[in-house]
file entry16.cif (mmCIF, C-alpha atoms and all ligand atoms)
data_start
loop_
_atom_site.label_atom_id
_atom_site.label_comp_id
_atom_site.auth_asym_id
_atom_site.auth_seq_id
_atom_site.Cartn_x
_atom_site.Cartn_y
_atom_site.Cartn_z
CA MET A 1 150.02 96.97 177.39
CA PRO A 2 151.68 93.57 178.12
CA ARG A 3 154.37 92.51 175.69
CA THR A 4 152.38 89.46 174.55
CA ALA A 5 149.42 91.70 173.71
CA ILE A 6 151.66 94.03 171.69
CA ARG A 7 153.11 91.04 169.85
CA ALA A 8 149.61 89.76 169.12
CA LEU A 9 148.60 93.22 167.86
CA VAL A 10 151.65 93.48 165.59
CA ALA A 11 150.95 89.98 164.25
CA LEU A 12 147.35 91.00 163.55
CA ILE A 13 148.39 94.16 161.71
CA CYS A 14 151.00 92.26 159.68
CA SER A 15 148.55 89.52 158.75
CA ALA A 16 146.10 92.22 157.64
CA VAL A 17 148.49 93.53 154.98
CA PRO A 18 147.89 90.80 152.39
CA LEU A 19 144.19 90.85 153.29
CA ALA A 20 144.06 94.51 152.27
CA ALA A 21 144.40 93.31 148.67
CA GLN A 22 141.09 91.50 148.95
CA GLY A 23 138.45 92.51 146.54
CA VAL A 24 140.64 94.80 144.47
CA VAL A 25 139.61 94.49 140.85
CA SER A 26 141.71 96.20 138.24
CA GLY A 27 142.00 96.01 134.52
CA ARG A 28 142.60 97.81 131.30
CA VAL A 29 140.18 98.89 128.60
CA THR A 30 141.41 99.12 125.03
CA LEU A 31 139.54 100.09 121.89
CA GLN A 32 139.95 98.42 118.56
CA GLU A 33 140.09 101.29 116.04
CA LYS A 34 140.06 101.63 112.27
CA PRO A 35 143.62 101.07 110.93
CA GLY A 36 145.90 104.05 111.63
CA THR A 37 143.50 105.70 114.07
CA PRO A 38 144.91 106.37 117.53
CA THR A 39 142.66 106.12 120.60
CA LYS A 40 142.47 109.43 122.45
CA ASP A 41 139.45 108.98 124.69
CA LEU A 42 139.99 105.85 126.81
CA GLU A 43 139.32 107.86 129.97
CA THR A 44 135.71 108.31 128.86
CA ALA A 45 135.01 104.58 129.25
CA VAL A 46 132.95 103.37 132.22
CA VAL A 47 133.36 100.03 134.03
CA TRP A 48 130.97 98.63 136.62
CA LEU A 49 130.37 95.31 138.35
CA THR A 50 127.10 93.60 139.18
CA PRO A 51 126.80 90.27 141.00
CA VAL A 52 125.88 87.34 138.74
CA ASN A 53 123.57 86.05 141.48
CA GLY A 54 121.35 88.55 143.26
CA THR A 55 121.67 92.30 143.13
CA ALA A 56 124.32 94.75 144.20
CA PRO A 57 123.81 96.66 147.46
CA LYS A 58 121.98 99.93 146.86
CA PRO A 59 124.68 102.48 146.03
CA ALA A 60 124.83 105.76 147.93
CA ALA A 61 123.88 108.72 145.74
CA ILE A 62 126.60 111.30 145.09
CA LYS A 63 126.74 114.90 143.86
CA ALA A 64 128.66 115.19 140.61
CA GLU A 65 129.30 118.10 138.28
CA ILE A 66 129.52 118.63 134.54
CA GLY A 67 130.52 122.22 133.78
CA MET A 68 130.09 124.17 130.58
CA LEU A 69 133.16 126.15 129.49
CA SER A 70 134.20 127.22 125.98
CA ARG A 71 131.12 125.47 124.56
CA THR A 72 132.40 122.17 125.98
CA PHE A 73 131.05 119.91 128.72
CA THR A 74 133.71 118.87 131.26
CA PRO A 75 133.92 116.03 132.01
CA HIS A 76 132.61 114.61 128.77
CA VAL A 77 131.44 111.43 130.54
CA GLN A 78 130.41 111.20 134.20
CA VAL A 79 129.53 107.91 135.91
CA VAL A 80 127.21 108.11 138.94
CA PRO A 81 125.34 105.63 141.10
CA VAL A 82 121.65 105.66 140.16
CA GLY A 83 119.72 108.35 142.03
CA SER A 84 122.64 110.80 142.05
CA THR A 85 122.48 114.52 141.35
CA VAL A 86 124.52 116.12 138.58
CA SER A 87 125.00 119.90 138.61
CA PHE A 88 125.53 121.77 135.36
CA PRO A 89 127.29 125.08 136.17
CA ASN A 90 127.55 127.54 133.28
CA LYS A 91 131.09 128.97 133.25
CA ASP A 92 130.74 130.63 129.83
CA PRO A 93 129.88 134.34 129.43
CA PHE A 94 126.83 133.35 127.38
CA SER A 95 123.81 131.10 127.85
CA HIS A 96 123.31 127.38 127.37
CA ASN A 97 120.18 125.21 127.37
CA ILE A 98 120.95 121.72 128.66
CA PHE A 99 118.55 118.93 127.73
CA SER A 100 118.16 115.26 126.95
CA THR A 101 115.46 113.55 124.94
CA THR A 102 116.35 110.04 126.16
CA VAL A 103 113.18 108.06 126.80
CA GLY A 104 112.73 107.63 130.57
CA SER A 105 115.42 110.21 131.36
CA ALA A 106 114.30 113.23 129.32
CA PHE A 107 114.74 116.67 130.84
CA ASP A 108 115.15 120.33 129.86
CA LEU A 109 116.94 122.72 132.23
CA GLY A 110 116.00 125.75 130.12
CA LEU A 111 118.21 128.65 129.10
CA TYR A 112 120.55 130.03 131.75
CA GLY A 113 123.59 132.28 131.80
CA LYS A 114 127.03 132.78 133.29
CA GLY A 115 127.51 131.79 136.93
CA GLN A 116 124.21 129.94 137.13
CA THR A 117 123.89 126.25 137.97
CA LYS A 118 121.03 123.82 137.52
CA ASP A 119 120.75 120.27 138.85
CA ARG A 120 119.26 117.06 137.58
CA ILE A 121 118.72 113.79 139.47
CA PHE A 122 119.48 110.72 137.35
CA GLY A 123 117.01 108.22 138.77
CA ALA A 124 117.06 105.63 135.99
CA VAL A 125 119.89 103.26 135.15
CA GLY A 126 121.48 103.84 131.76
CA ALA A 127 123.70 106.04 129.61
CA VAL A 128 122.04 109.39 128.99
CA PRO A 129 123.39 111.72 126.30
CA VAL A 130 123.16 115.37 127.36
CA TYR A 131 123.07 118.18 124.82
CA CYS A 132 122.78 121.96 124.52
CA ASN A 133 119.97 123.39 122.45
CA ILE A 134 122.09 126.38 121.37
CA HIS A 135 125.37 124.68 120.45
CA ALA A 136 125.06 121.57 118.27
CA LYS A 137 128.56 120.27 119.02
CA MET A 138 128.08 120.10 122.80
CA THR A 139 127.66 116.53 124.04
CA ALA A 140 128.12 114.91 127.45
CA TRP A 141 127.08 111.55 128.88
CA VAL A 142 125.81 110.68 132.32
CA VAL A 143 126.17 106.93 132.90
CA SER A 144 123.98 105.94 135.82
CA VAL A 145 124.83 102.52 137.30
CA PRO A 146 122.96 100.25 139.77
CA THR A 147 125.99 99.36 141.87
CA PRO A 148 128.59 100.88 144.22
CA TRP A 149 131.39 99.17 142.23
CA TYR A 150 132.26 101.42 139.27
CA ALA A 151 135.22 103.25 137.77
CA GLN A 152 136.45 105.35 134.89
CA PRO A 153 139.92 104.58 133.53
CA SER A 154 142.87 106.91 133.34
CA ALA A 155 144.09 108.01 129.89
CA ASP A 156 145.95 104.69 129.43
CA GLY A 157 142.76 102.71 129.96
CA ARG A 158 143.72 101.34 133.39
CA TRP A 159 141.14 101.30 136.17
CA THR A 160 140.74 99.97 139.71
CA ILE A 161 137.68 99.18 141.82
CA ARG A 162 138.26 98.49 145.52
CA GLY A 163 136.16 96.88 148.21
CA VAL A 164 134.57 94.20 146.06
CA PRO A 165 133.58 91.12 148.10
CA ALA A 166 134.61 87.73 146.77
CA GLY A 167 132.16 86.34 144.27
CA THR A 168 131.23 86.13 140.60
CA TYR A 169 130.40 89.36 138.82
CA ASN A 170 129.44 90.65 135.45
CA MET A 171 131.89 93.31 134.35
CA HIS A 172 130.06 95.88 132.21
CA VAL A 173 132.16 98.14 129.99
CA TRP A 174 130.70 101.15 128.20
CA HIS A 175 132.24 103.57 125.73
CA GLU A 176 130.32 106.00 123.54
CA ARG A 177 132.02 104.77 120.35
CA ALA A 178 131.57 101.01 120.88
CA ALA A 179 128.93 98.44 121.68
CA GLN A 180 128.70 97.77 125.41
CA GLN A 181 130.28 94.53 126.58
CA VAL A 182 129.57 92.28 129.55
CA LYS A 183 132.15 89.74 130.74
CA PRO A 184 131.93 87.47 133.80
CA ILE A 185 134.80 87.69 136.28
CA SER A 186 135.55 85.90 139.55
CA VAL A 187 136.73 88.01 142.46
CA LEU A 188 138.72 85.86 144.86
CA ALA A 189 139.15 86.49 148.57
CA ASN A 190 142.92 86.10 148.44
CA GLY A 191 144.12 88.50 145.82
CA MET A 192 143.62 90.87 142.97
CA VAL A 193 141.73 90.27 139.77
CA ALA A 194 143.01 91.70 136.50
CA ALA A 195 140.20 92.03 134.01
CA ASP A 196 141.31 93.33 130.65
CA ILE A 197 138.86 93.89 127.84
CA GLN A 198 138.82 95.26 124.31
CA LEU A 199 135.86 97.05 122.80
CA ASP A 200 135.34 97.43 119.07
CA ALA A 201 135.08 101.04 117.89
CA ARG A 202 135.74 100.27 114.22
CA GLY A 203 132.11 100.62 113.27
CA TYR A 204 131.59 103.98 114.98
CA VAL A 205 130.08 106.70 112.81
CA PHE A 206 129.41 110.17 114.19
CA VAL A 207 125.77 111.17 113.85
CA GLN A 208 124.75 114.76 114.62
CA HIS A 209 121.93 114.72 117.17
CA ARG A 210 118.87 116.94 116.76
CA ASP A 211 117.72 119.77 119.00
CA LYS A 212 115.25 119.38 121.87
CA ARG A 213 112.29 119.60 119.48
CA GLY A 214 113.77 117.04 117.08
CA VAL A 215 114.76 119.73 114.56
CA ASP A 216 118.07 119.89 112.66
CA TYR A 217 120.33 122.55 114.25
CA ASN A 218 120.90 124.11 110.82
CA ALA A 219 117.24 124.22 109.83
CA PRO A 220 116.30 127.70 108.56
CA GLY A 221 114.29 129.67 111.10
CA ARG A 222 114.91 127.14 113.87
CA ASP A 223 113.69 128.34 117.27
CA ARG A 224 116.89 128.14 119.33
CA TYR A 225 115.09 128.72 122.61
CU CU A 301 125.43 125.69 124.69
#

call {"tool": "encode", "arguments": {"input": "entry16.cif", "output": "structure tokens", "more": "lines below"}}
Ligand SMILES: [Cu+2]
result
Amino acid sequence: MPRTAIRALVALICSAVPLAAQGVVSGRVTLQEKPGTPTKDLETAVVWLTPVNGTAPKPAAIKAEIGMLSRTFTPHVQVVPVGSTVSFPNKDPFSHNIFSTTVGSAFDLGLYGKGQTKDRIFGAVGAVPVYCNIHAKMTAWVVSVPTPWYAQPSADGRWTIRGVPAGTYNMHVWHERAAQQVKPISVLANGMVAADIQLDARGYVFVQHRDKRGVDYNAPGRDRY
């Protein structure tokens, strides 16, 4: 390769370095809590971006997993692009019955035991609480979003979404203990955007959900299956 061509190539690579920062959106989610209450579940927040004008490109579906172990769903919250499949492997030595009664996203995977897995496609946008009909304390969330630009924070609330074209977006932030917030942000072509936001969890009150037939888990004679 001629020296001038190499020089041109090096110049191109070097000029591409600052450009690599294009469309990187990062931020931090915090939760306002009741006085004296520490926040321990920032990593269960979900952040996604939708264009203010027009719609986001159709996101590619993924295969995600929420396992059941020690009567606990892991992860507790899973974000997926709409149309994705979530598998629910049972890693406990006893059976679970995974269901949701959410209107438009209701399903019932039935009772199944150790080593078995069942799948569910989440074809509607929204946050779907997922429960077990045997164990009242088991709760997970599948948050299905209409965009390829989404993230879940690390434990300190910090998150990053890459590959976002320049433009104006609505930043949606969800957490199970707070009202969802939407905040407009501008993504510039020449640098990063830091989009911090605080949600208000002070009004959160735990409410025990009902079983798949709408019956209290402690009701005498309840049909657990
Ligand atoms: Cu269970």

call {"tool": "atom_distance", "arguments": {"input": "entry16.cif", "atom1": "atom CA of Val193 of chain A", "atom2": "atom CA of Thr168 of chain A"}}
result
11.3 Å

call {"tool": "residues_near_ligand", "arguments": {"input": "entry16.cif", "ligand": "ligand CU 301 (chain A)", "cutoff": "12 Å", "atoms": "all atoms listed in the file", "output": "compact mmCIF listing (two decimals) with C-alpha atoms, in the frame of the given file"}}
result
# COMPACT_ATOMS: atom_id res chain seq x y z
CA GLY A 67 130.52 122.22 133.78
CA MET A 68 130.09 124.17 130.58
CA LEU A 69 133.16 126.15 129.49
CA SER A 70 134.20 127.22 125.98
CA ARG A 71 131.12 125.47 124.56
CA THR A 72 132.40 122.17 125.98
CA PHE A 73 131.05 119.91 128.72
CA PHE A 88 125.53 121.77 135.36
CA PRO A 89 127.29 125.08 136.17
CA ASN A 90 127.55 127.54 133.28
CA LYS A 91 131.09 128.97 133.25
CA ASP A 92 130.74 130.63 129.83
CA PRO A 93 129.88 134.34 129.43
CA PHE A 94 126.83 133.35 127.38
CA SER A 95 123.81 131.10 127.85
CA HIS A 96 123.31 127.38 127.37
CA ASN A 97 120.18 125.21 127.37
CA ILE A 98 120.95 121.72 128.66
CA PHE A 99 118.55 118.93 127.73
CA LEU A 109 116.94 122.72 132.23
CA GLY A 110 116.00 125.75 130.12
CA LEU A 111 118.21 128.65 129.10
CA TYR A 112 120.55 130.03 131.75
CA GLY A 113 123.59 132.28 131.80
CA LYS A 114 127.03 132.78 133.29
CA VAL A 130 123.16 115.37 127.36
CA TYR A 131 123.07 118.18 124.82
CA CYS A 132 122.78 121.96 124.52
CA ASN A 133 119.97 123.39 122.45
CA ILE A 134 122.09 126.38 121.37
CA HIS A 135 125.37 124.68 120.45
CA ALA A 136 125.06 121.57 118.27
CA LYS A 137 128.56 120.27 119.02
CA MET A 138 128.08 120.10 122.80
CA THR A 139 127.66 116.53 124.04
CA ALA A 140 128.12 114.91 127.45
CA ASP A 211 117.72 119.77 119.00
CA ARG A 224 116.89 128.14 119.33
CA TYR A 225 115.09 128.72 122.61

call {"tool": "atom_distance", "arguments": {"input": "entry16.cif", "atom1": "atom CA of Ala124 of chain A", "atom2": "atom CA of Gly214 of chain A"}}
result
22.3 Å

call {"tool": "closest_atom_pairs", "arguments": {"input": "entry16.cif", "of": "segment 106-158 of chain A", "to": "segment 43-47 of chain A", "cutoff": "12 Å", "atoms": "all atoms listed in the file", "output": "CSV"}}
result
residue,atom,partner,partner_atom,distance
A:Gly126,CA,A:Val46,CA,11.5
A:Ala127,CA,A:Val46,CA,10.0
A:Ala140,CA,A:Thr44,CA,10.2
A:Trp141,CA,A:Thr44,CA,9.2
A:Val142,CA,A:Val46,CA,10.2
A:Val143,CA,A:Val46,CA,7.7
A:Ser144,CA,A:Val46,CA,10.0
A:Val145,CA,A:Val47,CA,9.5
A:Pro146,CA,A:Val47,CA,11.9
A:Thr147,CA,A:Val47,CA,10.8
A:Pro148,CA,A:Val47,CA,11.3
A:Trp149,CA,A:Val47,CA,8.5
A:Tyr150,CA,A:Val47,CA,5.5
A:Ala151,CA,A:Val47,CA,5.3
A:Gln152,CA,A:Val46,CA,4.8
A:Pro153,CA,A:Glu43,CA,4.9
A:Ser154,CA,A:Glu43,CA,5.0
A:Ala155,CA,A:Glu43,CA,4.8
A:Asp156,CA,A:Glu43,CA,7.4
A:Gly157,CA,A:Glu43,CA,6.2
A:Arg158,CA,A:Glu43,CA,8.6

call {"tool": "residues_around", "arguments": {"input": "entry16.cif", "residues": "Lys183 of chain A", "least_positions_apart": "3", "cutoff": "10 Å", "atoms": "all atoms listed in the file", "output": "list in words"}}
result
Leu49, Tyr169, Asn170, Met171, His172, Val173, Ala195, Asp196 and Ile197 of chain A

call {"tool": "closest_residue", "arguments": {"input": "entry16.cif", "among": "A:Thr55, A:Lys63, A:Pro129, A:Gly115", "to": "Ser100 of chain A", "atoms": "only C-alpha atoms"}}
result
A:Pro129

call {"tool": "atom_distance", "arguments": {"input": "entry16.cif", "atom1": "atom CA of Thr85 of chain A", "atom2": "atom CA of Val182 of chain A"}}
result
26.2 Å

call {"tool": "closest_residue", "arguments": {"input": "entry16.cif", "among": "A:Trp159, A:Tyr217, A:Trp48, A:Phe122", "to": "Ile62 of chain A", "atoms": "only C-alpha atoms"}}
result
A:Phe122

call {"tool": "closest_residue", "arguments": {"input": "entry16.cif", "among": "A:Pro51, A:Pro165, A:Gly203, A:Gly27", "to": "Ala178 of chain A", "atoms": "only C-alpha atoms"}}
result
A:Gly203

call {"tool": "residues_around", "arguments": {"input": "entry16.cif", "residues": "Gln32 of chain A", "least_positions_apart": "2", "cutoff": "12 Å", "atoms": "only C-alpha atoms", "output": "ChimeraX atom specification"}}
result
/A:29-30,34-40,42,175,177-179,197-204

call {"tool": "closest_residue", "arguments": {"input": "entry16.cif", "among": "A:Lys118, A:Asp108, A:Pro184, A:Gly123", "to": "Arg213 of chain A", "atoms": "only C-alpha atoms"}}
result
A:Asp108

call {"tool": "closest_residue", "arguments": {"input": "entry16.cif", "among": "A:Asp119, A:Val128, A:Val25, A:Ser87", "to": "Ala106 of chain A", "atoms": "all atoms listed in the file"}}
result
A:Val128

call {"tool": "closest_residue", "arguments": {"input": "entry16.cif", "among": "A:Glu176, A:Val103, A:Val79, A:Thr160", "to": "Leu31 of chain A", "atoms": "only C-alpha atoms"}}
result
A:Glu176

call {"tool": "axis_aligned_box", "arguments": {"input": "entry16.cif", "around": "segment 44-61 of chain A", "padding_each_side": "6 Å", "output": "JSON"}}
result
{"center_x": 128.5, "center_y": 97.4, "center_z": 138.4, "size_x": 26.4, "size_y": 34.7, "size_z": 31.1}
